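Shown below: work26.cif, with mmCIF, C-alpha atoms.
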```cif
data_my_file
loop_
_atom_site.label_atom_id
_atom_site.label_comp_id
_atom_site.auth_asym_id
_atom_site.auth_seq_id
_atom_site.Cartn_x
_atom_site.Cartn_y
_atom_site.Cartn_z
CA MET A 133 0.00 0.00 0.00
CA THR A 134 1.50 3.25 -1.08
CA GLU A 135 -1.63 5.30 -0.43
CA THR A 136 -1.57 7.39 2.70
CA SER A 137 -5.30 7.06 3.30
CA SER A 138 -8.13 4.80 2.26
CA PRO A 139 -11.93 5.13 2.22
CA GLU A 140 -12.15 2.50 4.96
CA THR A 141 -10.20 4.56 7.49
CA PRO A 142 -11.20 8.19 7.08
CA GLY A 143 -9.35 10.66 9.23
CA PRO A 144 -11.20 12.96 11.61
CA ARG A 145 -13.70 15.23 9.89
CA PRO A 146 -12.36 18.77 9.67
CA PHE A 147 -14.61 21.28 11.42
CA ASP A 148 -16.02 23.95 9.13
CA PRO A 149 -17.97 26.75 10.87
CA ALA A 150 -19.94 27.25 7.63
CA SER A 151 -21.39 23.76 8.12
CA LEU A 152 -23.41 24.93 11.15
CA ARG A 153 -27.07 25.79 10.90
CA PHE A 154 -27.27 29.52 11.49
CA ASP A 155 -30.73 31.06 11.79
CA ASP A 156 -32.23 33.53 9.33
CA ARG A 157 -30.22 36.30 11.00
CA GLY A 158 -27.01 34.30 10.53
CA LEU A 159 -26.79 33.55 14.25
CA ILE A 160 -26.43 30.47 16.44
CA PRO A 161 -26.95 30.29 20.22
CA ALA A 162 -23.84 29.57 22.27
CA ILE A 163 -24.02 28.35 25.87
CA ALA A 164 -20.97 29.12 28.00
CA GLN A 165 -20.24 26.58 30.72
CA ASP A 166 -17.42 26.63 33.27
CA ALA A 167 -15.07 23.90 32.09
CA GLU A 168 -14.05 23.03 35.65
CA ASP A 169 -17.26 22.75 37.65
CA GLY A 170 -19.99 22.71 35.00
CA THR A 171 -21.76 25.92 36.03
CA VAL A 172 -23.80 27.35 33.16
CA LEU A 173 -22.56 30.94 32.99
CA MET A 174 -24.51 32.58 30.18
CA MET A 175 -26.03 32.18 26.74
CA ALA A 176 -25.28 34.56 23.89
CA TRP A 177 -25.21 34.49 20.10
CA MET A 178 -22.47 33.94 17.56
CA ASN A 179 -22.26 34.52 13.86
CA GLU A 180 -19.74 32.76 11.66
CA ALA A 181 -17.17 35.54 11.99
CA SER A 182 -17.34 35.59 15.79
CA LEU A 183 -16.94 31.82 15.94
CA ARG A 184 -13.93 31.93 13.61
CA GLU A 185 -12.35 34.65 15.74
CA THR A 186 -13.05 32.63 18.89
CA LEU A 187 -11.34 29.57 17.43
CA GLU A 188 -8.40 31.60 16.14
CA THR A 189 -7.75 33.60 19.30
CA GLY A 190 -8.98 31.21 22.02
CA GLN A 191 -10.85 34.16 23.56
CA VAL A 192 -14.63 33.94 23.26
CA THR A 193 -16.19 36.49 20.90
CA TYR A 194 -19.96 36.72 20.48
CA TRP A 195 -22.18 38.77 18.20
CA SER A 196 -23.97 41.57 19.99
CA ARG A 197 -27.50 41.77 18.62
CA SER A 198 -28.18 45.11 20.33
CA ARG A 199 -24.99 46.77 19.08
CA ALA A 200 -24.85 44.77 15.82
CA GLN A 201 -21.13 44.19 16.15
CA LEU A 202 -18.59 41.66 17.36
CA TRP A 203 -18.59 41.42 21.15
CA ARG A 204 -15.19 40.42 22.45
CA LYS A 205 -16.35 39.25 25.85
CA GLY A 206 -14.45 41.07 28.58
CA GLU A 207 -12.73 43.55 26.26
CA THR A 208 -14.00 46.42 28.42
CA SER A 209 -14.60 44.71 31.77
CA GLY A 210 -11.63 42.37 31.69
CA HIS A 211 -14.04 39.49 32.39
CA ARG A 212 -12.77 37.39 29.52
CA GLN A 213 -13.65 33.84 28.60
CA ARG A 214 -10.92 31.53 27.41
CA LEU A 215 -12.20 28.73 25.23
CA VAL A 216 -11.28 25.31 26.54
CA GLU A 217 -13.39 23.25 24.13
CA LEU A 218 -16.13 23.86 21.57
CA ARG A 219 -18.96 21.36 21.30
CA VAL A 220 -21.65 21.17 18.61
CA ASP A 221 -25.09 19.68 19.16
CA CYS A 222 -26.76 16.92 17.15
CA ASP A 223 -28.74 19.37 15.01
CA ARG A 224 -25.72 21.62 14.47
CA ASP A 225 -27.84 24.59 15.51
CA CYS A 226 -26.51 25.23 19.02
CA LEU A 227 -23.01 25.47 20.50
CA LEU A 228 -21.65 24.61 23.92
CA LEU A 229 -18.51 26.49 24.94
CA GLN A 230 -16.46 25.00 27.73
CA VAL A 231 -14.64 28.03 29.10
CA THR A 232 -12.43 29.42 31.80
CA GLN A 233 -14.17 32.56 33.01
CA LYS A 234 -12.14 35.41 34.47
CA GLY A 235 -14.25 37.21 37.08
CA PRO A 236 -18.03 37.28 36.81
CA ALA A 237 -19.70 36.27 33.54
CA CYS A 238 -22.78 38.42 34.14
CA HIS A 239 -22.97 42.20 33.68
CA THR A 240 -24.58 42.34 37.15
CA ASN A 241 -21.20 41.17 38.48
CA ARG A 242 -22.53 37.75 39.35
CA ARG A 243 -20.69 34.63 38.38
CA SER A 244 -23.59 33.37 36.25
CA CYS A 245 -26.51 35.11 34.53
CA TYR A 246 -28.83 32.42 35.95
CA TYR A 247 -29.04 33.85 39.43
CA THR A 248 -32.82 33.88 39.67
CA ALA A 249 -34.53 30.65 40.67
CA VAL A 250 -38.25 30.03 40.66
CA ARG A 251 -39.22 28.32 43.91
CA ASP A 252 -42.80 27.75 45.07
CA GLY A 253 -43.98 30.14 42.35
CA ALA A 254 -41.74 33.01 43.44
CA GLU A 255 -38.48 34.46 42.13
CA VAL A 256 -35.53 33.98 44.49
CA VAL A 257 -32.10 35.51 43.89
CA ILE A 258 -29.61 32.75 44.62
CA LEU A 259 -26.29 34.43 43.76
CA ASP A 260 -24.73 37.61 45.12
CA PRO A 261 -22.53 39.90 43.05
CA ILE A 262 -18.82 39.14 43.36
CA ALA A 263 -17.00 41.63 45.59
CA GLU A 264 -14.13 43.37 43.83
CA MET B 85 -49.00 47.75 63.03
CA THR B 86 -52.05 45.94 61.74
CA GLU B 87 -50.81 45.67 58.18
CA THR B 88 -49.53 42.26 57.16
CA SER B 89 -46.91 43.69 54.82
CA SER B 90 -45.06 46.94 54.36
CA PRO B 91 -43.17 48.53 51.46
CA GLU B 92 -39.94 48.10 53.40
CA THR B 93 -40.19 44.31 53.56
CA PRO B 94 -41.62 43.09 50.27
CA GLY B 95 -42.34 39.40 50.03
CA PRO B 96 -40.81 37.27 47.30
CA ARG B 97 -41.76 38.40 43.81
CA PRO B 98 -44.29 36.03 42.25
CA PHE B 99 -43.05 34.49 39.02
CA ASP B 100 -45.18 35.33 36.00
CA PRO B 101 -44.22 33.52 32.76
CA ALA B 102 -45.69 36.44 30.81
CA SER B 103 -42.94 38.65 32.27
CA LEU B 104 -40.28 36.84 30.22
CA ARG B 105 -38.91 38.27 26.99
CA PHE B 106 -40.12 35.93 24.28
CA ASP B 107 -38.79 36.52 20.77
CA ASP B 108 -40.89 37.63 17.81
CA ARG B 109 -42.07 34.03 17.38
CA GLY B 110 -43.19 33.95 21.02
CA LEU B 111 -40.31 31.62 21.95
CA ILE B 112 -37.52 31.56 24.53
CA PRO B 113 -34.50 29.23 24.53
CA ALA B 114 -34.36 26.72 27.37
CA ILE B 115 -31.15 24.92 28.34
CA ALA B 116 -31.64 21.58 30.09
CA GLN B 117 -28.90 20.69 32.58
CA ASP B 118 -28.61 17.56 34.69
CA ALA B 119 -29.42 18.74 38.21
CA GLU B 120 -27.04 16.23 39.76
CA ASP B 121 -23.80 16.46 37.83
CA GLY B 122 -24.21 19.63 35.75
CA THR B 123 -24.03 18.02 32.31
CA VAL B 124 -25.65 20.23 29.68
CA LEU B 125 -28.10 17.85 28.02
CA MET B 126 -29.83 19.86 25.29
CA MET B 127 -31.26 23.20 24.28
CA ALA B 128 -34.77 23.58 22.95
CA TRP B 129 -37.45 26.26 22.81
CA MET B 130 -40.45 27.05 24.96
CA ASN B 131 -43.45 29.27 24.45
CA GLU B 132 -45.51 30.57 27.34
CA ALA B 133 -47.96 27.66 27.21
CA SER B 134 -45.21 25.03 27.31
CA LEU B 135 -43.54 26.75 30.25
CA ARG B 136 -46.84 26.92 32.15
CA GLU B 137 -47.44 23.23 31.48
CA THR B 138 -43.89 22.42 32.62
CA LEU B 139 -44.41 24.28 35.90
CA GLU B 140 -47.84 22.72 36.47
CA THR B 141 -46.87 19.14 35.72
CA GLY B 142 -43.19 19.08 36.70
CA GLN B 143 -42.48 17.30 33.40
CA VAL B 144 -40.59 19.39 30.87
CA THR B 145 -42.61 20.41 27.82
CA TYR B 146 -41.02 22.35 24.96
CA TRP B 147 -42.41 23.90 21.80
CA SER B 148 -41.49 21.98 18.67
CA ARG B 149 -40.70 24.48 15.96
CA SER B 150 -40.67 21.83 13.22
CA ARG B 151 -44.03 20.32 14.23
CA ALA B 152 -45.47 23.62 15.53
CA GLN B 153 -46.94 21.95 18.60
CA LEU B 154 -46.25 21.27 22.24
CA TRP B 155 -43.46 18.72 22.66
CA ARG B 156 -43.88 16.76 25.86
CA LYS B 157 -40.31 15.53 26.10
CA GLY B 158 -40.24 11.74 26.32
CA GLU B 159 -43.95 11.24 25.64
CA THR B 160 -43.10 8.80 22.86
CA SER B 161 -39.61 7.63 23.86
CA GLY B 162 -40.15 7.55 27.61
CA HIS B 163 -37.04 9.70 27.99
CA ARG B 164 -38.76 12.26 30.17
CA GLN B 165 -37.29 15.21 31.98
CA ARG B 166 -38.49 16.00 35.46
CA LEU B 167 -38.04 19.65 36.38
CA VAL B 168 -36.01 20.12 39.54
CA GLU B 169 -35.64 23.90 39.32
CA LEU B 170 -36.29 26.66 36.81
CA ARG B 171 -33.80 29.51 36.55
CA VAL B 172 -34.18 32.76 34.60
CA ASP B 173 -31.27 34.78 33.25
CA CYS B 174 -30.51 38.46 33.89
CA ASP B 175 -32.12 39.58 30.63
CA ARG B 176 -35.16 37.34 31.15
CA ASP B 177 -34.69 36.02 27.61
CA CYS B 178 -33.21 32.58 28.33
CA LEU B 179 -34.14 29.78 30.72
CA LEU B 180 -32.04 27.18 32.52
CA LEU B 181 -33.87 24.01 33.49
CA GLN B 182 -32.28 21.87 36.15
CA VAL B 183 -33.70 18.44 35.41
CA THR B 184 -33.61 14.76 36.17
CA GLN B 185 -33.30 13.04 32.80
CA LYS B 186 -34.67 9.54 32.32
CA GLY B 187 -32.55 7.72 29.73
CA PRO B 188 -30.76 9.66 27.00
CA ALA B 189 -31.72 13.26 26.32
CA CYS B 190 -30.67 13.14 22.66
CA HIS B 191 -32.65 11.53 19.84
CA THR B 192 -29.41 9.76 18.83
CA ASN B 193 -29.72 7.87 22.13
CA ARG B 194 -26.80 9.70 23.66
CA ARG B 195 -27.00 11.20 27.11
CA SER B 196 -26.38 14.74 25.79
CA CYS B 197 -26.87 16.38 22.40
CA TYR B 198 -23.38 17.90 22.73
CA TYR B 199 -21.47 14.77 21.81
CA THR B 200 -19.30 16.36 19.12
CA ALA B 201 -16.18 18.18 20.26
CA VAL B 202 -13.92 20.26 18.06
CA ARG B 203 -10.31 19.34 18.80
CA ASP B 204 -7.33 20.52 16.74
CA GLY B 205 -9.72 21.69 14.04
CA ALA B 206 -11.49 18.35 13.69
CA GLU B 207 -14.82 16.95 14.88
CA VAL B 208 -14.50 14.19 17.45
CA VAL B 209 -17.46 12.18 18.76
CA ILE B 210 -16.98 11.98 22.51
CA LEU B 211 -20.14 10.14 23.62
CA ASP B 212 -21.50 6.77 22.57
CA PRO B 213 -25.19 5.96 22.38
CA ILE B 214 -26.57 4.41 25.56
CA ALA B 215 -27.12 0.67 25.25
CA GLU B 216 -30.70 -0.35 25.94
#
```
Could you take the file, read its structure, and then write that structure out as structure tokens?
Amino acid sequence: MTETSSPETPGPRPFDPASLRFDDRGLIPAIAQDAEDGTVLMMAWMNEASLRETLETGQVTYWSRSRAQLWRKGETSGHRQRLVELRVDCDRDCLLLQVTQKGPACHTNRRSCYYTAVRDGAEVVILDPIAE
Amino acid sequence: MTETSSPETPGPRPFDPASLRFDDRGLIPAIAQDAEDGTVLMMAWMNEASLRETLETGQVTYWSRSRAQLWRKGETSGHRQRLVELRVDCDRDCLLLQVTQKGPACHTNRRSCYYTAVRDGAEVVILDPIAE
């Protein structure tokens, strides 16, 4: 055998961001999860350019729908997210980002955006802002 | 004081599903996370009716965009999700469901829909289907 590959043993499939199913705005939801302890930190949106930048730099970049521009998470606040591993769901229409979060993920200065629990029909705040 | 409440000590705020920020289709993304070990299982969509049914029954019900009807998770497969706790994010436009998942969450019979990792630019399947 002089061939370096054969149809029977394909190599790993290269990941192409264009192969994802973006919505009609060109966006895909991305869930950020703490890679160490599994805490779900936030959910935001990516377009293809923000995902490519995230993969190239290792720093998570979203697409800001309100500002209609790339949102380099933590660029102003310093609360950056380093990408540990990207995961794609079965329908290729949602992303899971395993990250290392510097400081709080939430703009309210809480570690996670999911700080409001619904218990016995009432809203309960279960996380305090991080002291700085 | 004969009053049973005062402005200084408000009781817990009742949770009203109508207070959430649904998108222009009347939907809100809902992330399902294993309440025990923190695994992110799937992301799907809810409308107000599916969220109300979820809270009333304790069994997670989504809105199927492809079938345009309520999707009582596991009704056919038996792979139900019991709601342990609902959490709302800071912008009130995304939900986190802490659940107890019976069997696999994914239609591919894997525990989680996020079974594809991107490593060194290639897609790697990191979860096998659950044997039944």
Produce the least-squares-superposed copy of chain A, fitted on chain B over all in-order C-alpha pairs, as a CSV table (one decimal) with C-alpha atoms, in the coordinates of the input.
```csv
chain,number,residue,atom,x,y,z
A,133,MET,CA,-48.9,47.3,63.5
A,134,THR,CA,-52.0,45.6,62.2
A,135,GLU,CA,-50.8,45.5,58.6
A,136,THR,CA,-49.6,42.1,57.3
A,137,SER,CA,-47.0,43.6,55.0
A,138,SER,CA,-45.2,46.9,54.5
A,139,PRO,CA,-43.4,48.5,51.5
A,140,GLU,CA,-40.1,48.1,53.4
A,141,THR,CA,-40.3,44.3,53.5
A,142,PRO,CA,-41.8,43.1,50.3
A,143,GLY,CA,-42.4,39.4,50.0
A,144,PRO,CA,-40.8,37.3,47.2
A,145,ARG,CA,-41.8,38.5,43.7
A,146,PRO,CA,-44.3,36.1,42.2
A,147,PHE,CA,-43.0,34.6,38.9
A,148,ASP,CA,-45.1,35.4,35.9
A,149,PRO,CA,-44.2,33.6,32.7
A,150,ALA,CA,-45.7,36.5,30.7
A,151,SER,CA,-42.9,38.7,32.2
A,152,LEU,CA,-40.2,36.9,30.1
A,153,ARG,CA,-38.9,38.3,26.9
A,154,PHE,CA,-40.1,35.9,24.2
A,155,ASP,CA,-38.8,36.5,20.7
A,156,ASP,CA,-40.9,37.6,17.7
A,157,ARG,CA,-42.1,34.0,17.3
A,158,GLY,CA,-43.2,33.9,21.0
A,159,LEU,CA,-40.3,31.6,21.9
A,160,ILE,CA,-37.5,31.6,24.5
A,161,PRO,CA,-34.5,29.2,24.5
A,162,ALA,CA,-34.3,26.7,27.3
A,163,ILE,CA,-31.1,24.9,28.3
A,164,ALA,CA,-31.6,21.6,30.1
A,165,GLN,CA,-28.9,20.7,32.6
A,166,ASP,CA,-28.6,17.6,34.7
A,167,ALA,CA,-29.4,18.8,38.2
A,168,GLU,CA,-27.0,16.3,39.8
A,169,ASP,CA,-23.8,16.5,37.8
A,170,GLY,CA,-24.2,19.7,35.7
A,171,THR,CA,-24.0,18.0,32.3
A,172,VAL,CA,-25.6,20.2,29.7
A,173,LEU,CA,-28.1,17.9,28.0
A,174,MET,CA,-29.8,19.9,25.3
A,175,MET,CA,-31.2,23.2,24.3
A,176,ALA,CA,-34.8,23.6,22.9
A,177,TRP,CA,-37.5,26.3,22.8
A,178,MET,CA,-40.4,27.1,24.9
A,179,ASN,CA,-43.4,29.3,24.4
A,180,GLU,CA,-45.5,30.6,27.3
A,181,ALA,CA,-47.9,27.7,27.2
A,182,SER,CA,-45.2,25.1,27.3
A,183,LEU,CA,-43.5,26.8,30.2
A,184,ARG,CA,-46.8,27.0,32.1
A,185,GLU,CA,-47.4,23.3,31.5
A,186,THR,CA,-43.9,22.5,32.6
A,187,LEU,CA,-44.4,24.4,35.9
A,188,GLU,CA,-47.8,22.8,36.4
A,189,THR,CA,-46.9,19.2,35.7
A,190,GLY,CA,-43.2,19.1,36.7
A,191,GLN,CA,-42.5,17.3,33.4
A,192,VAL,CA,-40.6,19.4,30.9
A,193,THR,CA,-42.6,20.4,27.8
A,194,TYR,CA,-41.0,22.4,24.9
A,195,TRP,CA,-42.4,23.9,21.8
A,196,SER,CA,-41.5,21.9,18.7
A,197,ARG,CA,-40.7,24.4,15.9
A,198,SER,CA,-40.7,21.8,13.2
A,199,ARG,CA,-44.0,20.3,14.2
A,200,ALA,CA,-45.5,23.6,15.5
A,201,GLN,CA,-46.9,21.9,18.6
A,202,LEU,CA,-46.3,21.3,22.2
A,203,TRP,CA,-43.5,18.7,22.7
A,204,ARG,CA,-43.9,16.8,25.9
A,205,LYS,CA,-40.3,15.5,26.1
A,206,GLY,CA,-40.3,11.8,26.4
A,207,GLU,CA,-44.0,11.3,25.7
A,208,THR,CA,-43.1,8.8,22.9
A,209,SER,CA,-39.6,7.6,23.9
A,210,GLY,CA,-40.2,7.6,27.7
A,211,HIS,CA,-37.0,9.7,28.0
A,212,ARG,CA,-38.8,12.3,30.2
A,213,GLN,CA,-37.3,15.3,32.0
A,214,ARG,CA,-38.5,16.1,35.5
A,215,LEU,CA,-38.0,19.7,36.4
A,216,VAL,CA,-36.0,20.2,39.5
A,217,GLU,CA,-35.6,24.0,39.3
A,218,LEU,CA,-36.3,26.7,36.8
A,219,ARG,CA,-33.8,29.6,36.5
A,220,VAL,CA,-34.2,32.8,34.5
A,221,ASP,CA,-31.2,34.8,33.2
A,222,CYS,CA,-30.5,38.5,33.8
A,223,ASP,CA,-32.1,39.6,30.5
A,224,ARG,CA,-35.1,37.4,31.0
A,225,ASP,CA,-34.7,36.0,27.5
A,226,CYS,CA,-33.2,32.6,28.3
A,227,LEU,CA,-34.1,29.8,30.7
A,228,LEU,CA,-32.0,27.2,32.5
A,229,LEU,CA,-33.8,24.0,33.5
A,230,GLN,CA,-32.3,21.9,36.1
A,231,VAL,CA,-33.7,18.5,35.4
A,232,THR,CA,-33.6,14.8,36.2
A,233,GLN,CA,-33.3,13.1,32.8
A,234,LYS,CA,-34.7,9.6,32.4
A,235,GLY,CA,-32.6,7.8,29.8
A,236,PRO,CA,-30.8,9.7,27.0
A,237,ALA,CA,-31.7,13.3,26.3
A,238,CYS,CA,-30.7,13.1,22.7
A,239,HIS,CA,-32.7,11.5,19.9
A,240,THR,CA,-29.4,9.7,18.9
A,241,ASN,CA,-29.7,7.9,22.2
A,242,ARG,CA,-26.8,9.7,23.7
A,243,ARG,CA,-27.0,11.2,27.1
A,244,SER,CA,-26.4,14.7,25.8
A,245,CYS,CA,-26.9,16.4,22.4
A,246,TYR,CA,-23.4,17.9,22.7
A,247,TYR,CA,-21.5,14.7,21.8
A,248,THR,CA,-19.3,16.3,19.1
A,249,ALA,CA,-16.2,18.1,20.2
A,250,VAL,CA,-13.9,20.2,18.0
A,251,ARG,CA,-10.3,19.3,18.8
A,252,ASP,CA,-7.3,20.4,16.7
A,253,GLY,CA,-9.7,21.6,14.0
A,254,ALA,CA,-11.5,18.3,13.7
A,255,GLU,CA,-14.8,16.9,14.9
A,256,VAL,CA,-14.5,14.1,17.5
A,257,VAL,CA,-17.5,12.1,18.8
A,258,ILE,CA,-17.0,11.9,22.5
A,259,LEU,CA,-20.1,10.1,23.7
A,260,ASP,CA,-21.5,6.7,22.6
A,261,PRO,CA,-25.2,5.9,22.4
A,262,ILE,CA,-26.6,4.4,25.6
A,263,ALA,CA,-27.2,0.7,25.3
A,264,GLU,CA,-30.7,-0.4,26.0
```
Determine, using only C-alpha atoms, which residues of chain B have any atom at most 9 Å from an atom of chain A, and tabulate each with its shortest atom pair and distance in Å to one decimal place, rows ordered by chain and then rising number, as a Markdown table.
```
| residue | atom | partner | partner_atom | distance |
| --- | --- | --- | --- | --- |
| B:Pro96 | CA | A:Ala254 | CA | 5.8 |
| B:Arg97 | CA | A:Glu255 | CA | 5.4 |
| B:Pro98 | CA | A:Ala254 | CA | 4.1 |
| B:Phe99 | CA | A:Ala254 | CA | 4.8 |
| B:Asp100 | CA | A:Gly253 | CA | 8.3 |
| B:Pro113 | CA | A:Pro161 | CA | 8.8 |
| B:Ile115 | CA | A:Ile163 | CA | 8.3 |
| B:Gln117 | CA | A:Val172 | CA | 8.4 |
| B:Asp121 | CA | A:Gly170 | CA | 7.8 |
| B:Gly122 | CA | A:Gly170 | CA | 5.3 |
| B:Thr123 | CA | A:Gly170 | CA | 6.7 |
| B:Val124 | CA | A:Val172 | CA | 8.1 |
| B:Met126 | CA | A:Asp221 | CA | 7.8 |
| B:Met127 | CA | A:Cys226 | CA | 7.4 |
| B:Leu139 | CA | A:Gly253 | CA | 8.7 |
| B:Glu169 | CA | A:Val250 | CA | 6.8 |
| B:Leu170 | CA | A:Val250 | CA | 5.5 |
| B:Arg171 | CA | A:Ala249 | CA | 4.3 |
| B:Val172 | CA | A:Thr248 | CA | 5.4 |
| B:Asp173 | CA | A:Tyr246 | CA | 4.3 |
| B:Cys174 | CA | A:Cys245 | CA | 5.3 |
| B:Asp175 | CA | A:Cys245 | CA | 8.2 |
| B:Cys178 | CA | A:Met175 | CA | 7.4 |
| B:Leu179 | CA | A:Tyr246 | CA | 7.9 |
| B:Leu180 | CA | A:Tyr246 | CA | 7.0 |
| B:Cys190 | CA | A:Cys222 | CA | 7.7 |
| B:His191 | CA | A:Cys222 | CA | 8.4 |
| B:Thr192 | CA | A:Cys222 | CA | 7.8 |
| B:Ser196 | CA | A:Asp221 | CA | 8.4 |
| B:Cys197 | CA | A:Asp221 | CA | 5.0 |
| B:Tyr198 | CA | A:Asp221 | CA | 4.3 |
| B:Tyr199 | CA | A:Asp221 | CA | 6.7 |
| B:Thr200 | CA | A:Val220 | CA | 5.4 |
| B:Ala201 | CA | A:Arg219 | CA | 4.3 |
| B:Val202 | CA | A:Leu218 | CA | 5.5 |
| B:Arg203 | CA | A:Glu217 | CA | 7.3 |
| B:Asp204 | CA | A:Pro146 | CA | 8.9 |
| B:Gly205 | CA | A:Phe147 | CA | 5.6 |
| B:Ala206 | CA | A:Pro146 | CA | 4.1 |
| B:Glu207 | CA | A:Arg145 | CA | 5.4 |
| B:Val208 | CA | A:Pro144 | CA | 6.8 |
```
Worksheet item: Pick from A:Asp260, A:Glu185, A:Glu168, A:Glu207: nearest to Pro149 of chain A, with only C-alpha atoms counted?
Response: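 The shortest atom-to-atom distance to Pro149 of chain A comes from A:Glu185.
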Worksheet item: Which distance in Å separates atom CA of Tyr194 of chain A and atom CA of Arg212 of chain A, to one decimal?
Response: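 Value for the atom CA of Tyr194 of chain A-atom CA of Arg212 of chain A distance: 11.6 Å.
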Worksheet item: Counting only C-alpha atoms, which residues come within 8 Å of (-39.4, 17.1, 33.0), with the point read in the file's coordinates, and could you list them as a PyMOL selection string?
Response: chain B and resi 138+142-145+157+164-168+183-185
Generate a file of the selected residues that holds C-alpha atoms, formatted as a compact mmCIF listing (two decimals), in the coordinates of the input.
```
# COMPACT_ATOMS: atom_id res chain seq x y z
CA THR B 138 -43.89 22.42 32.62
CA GLY B 142 -43.19 19.08 36.70
CA GLN B 143 -42.48 17.30 33.40
CA VAL B 144 -40.59 19.39 30.87
CA THR B 145 -42.61 20.41 27.82
CA LYS B 157 -40.31 15.53 26.10
CA ARG B 164 -38.76 12.26 30.17
CA GLN B 165 -37.29 15.21 31.98
CA ARG B 166 -38.49 16.00 35.46
CA LEU B 167 -38.04 19.65 36.38
CA VAL B 168 -36.01 20.12 39.54
CA VAL B 183 -33.70 18.44 35.41
CA THR B 184 -33.61 14.76 36.17
CA GLN B 185 -33.30 13.04 32.80
```
Worksheet item: If we count only C-alpha atoms, what is near Arg157 of chain A at a cut-off of 10 Å, once residues fewer than 2 positions away on the same chain are taken out, given as a list in words?
Response: Phe154, Asp155, Leu159, Ile160, Asn179 and Arg197 of chain A
Practice prompt. State, in Å with one decimal place, the distance from atom CA of Pro213 of chain B to atom CA of Gln153 of chain B.
Written response: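 These two atoms are separated by 27.3 Å.
Across the model, the gap from atom CA of Arg204 of chain A to atom CA of Glu188 of chain A is 12.8 Å.
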Take segment 98-109 of chain B, model N, CA and C atoms, and hand the result over as a PDB file, keeping the file's coordinate frame.
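Dumped everything to result_4.pdb:
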```pdb
ATOM      1  N   PRO B  98     -43.685  37.181  42.927  1.00  0.00           N
ATOM      2  CA  PRO B  98     -44.290  36.030  42.250  1.00  0.00           C
ATOM      3  C   PRO B  98     -43.749  35.917  40.828  1.00  0.00           C
ATOM      4  N   PHE B  99     -43.552  34.695  40.380  1.00  0.00           N
ATOM      5  CA  PHE B  99     -43.050  34.490  39.020  1.00  0.00           C
ATOM      6  C   PHE B  99     -44.209  34.434  38.040  1.00  0.00           C
ATOM      7  N   ASP B 100     -44.147  35.298  37.040  1.00  0.00           N
ATOM      8  CA  ASP B 100     -45.180  35.330  36.000  1.00  0.00           C
ATOM      9  C   ASP B 100     -44.514  35.005  34.659  1.00  0.00           C
ATOM     10  N   PRO B 101     -44.826  33.853  34.046  1.00  0.00           N
ATOM     11  CA  PRO B 101     -44.220  33.520  32.760  1.00  0.00           C
ATOM     12  C   PRO B 101     -44.388  34.620  31.708  1.00  0.00           C
ATOM     13  N   ALA B 102     -45.467  35.379  31.800  1.00  0.00           N
ATOM     14  CA  ALA B 102     -45.690  36.440  30.810  1.00  0.00           C
ATOM     15  C   ALA B 102     -44.674  37.566  30.938  1.00  0.00           C
ATOM     16  N   SER B 103     -43.932  37.596  32.063  1.00  0.00           N
ATOM     17  CA  SER B 103     -42.940  38.650  32.270  1.00  0.00           C
ATOM     18  C   SER B 103     -41.631  38.367  31.541  1.00  0.00           C
ATOM     19  N   LEU B 104     -41.505  37.182  30.947  1.00  0.00           N
ATOM     20  CA  LEU B 104     -40.280  36.840  30.220  1.00  0.00           C
ATOM     21  C   LEU B 104     -40.247  37.548  28.873  1.00  0.00           C
ATOM     22  N   ARG B 105     -39.055  37.631  28.307  1.00  0.00           N
ATOM     23  CA  ARG B 105     -38.910  38.270  26.990  1.00  0.00           C
ATOM     24  C   ARG B 105     -38.873  37.186  25.919  1.00  0.00           C
ATOM     25  N   PHE B 106     -40.036  36.879  25.386  1.00  0.00           N
ATOM     26  CA  PHE B 106     -40.120  35.930  24.280  1.00  0.00           C
ATOM     27  C   PHE B 106     -39.719  36.654  22.990  1.00  0.00           C
ATOM     28  N   ASP B 107     -39.201  35.884  22.022  1.00  0.00           N
ATOM     29  CA  ASP B 107     -38.790  36.520  20.770  1.00  0.00           C
ATOM     30  C   ASP B 107     -40.008  36.780  19.879  1.00  0.00           C
ATOM     31  N   ASP B 108     -39.760  37.226  18.651  1.00  0.00           N
ATOM     32  CA  ASP B 108     -40.890  37.630  17.810  1.00  0.00           C
ATOM     33  C   ASP B 108     -41.728  36.445  17.345  1.00  0.00           C
ATOM     34  N   ARG B 109     -41.245  35.231  17.637  1.00  0.00           N
ATOM     35  CA  ARG B 109     -42.070  34.030  17.380  1.00  0.00           C
ATOM     36  C   ARG B 109     -42.788  33.580  18.656  1.00  0.00           C
TER      37      ARG B 109
END
```
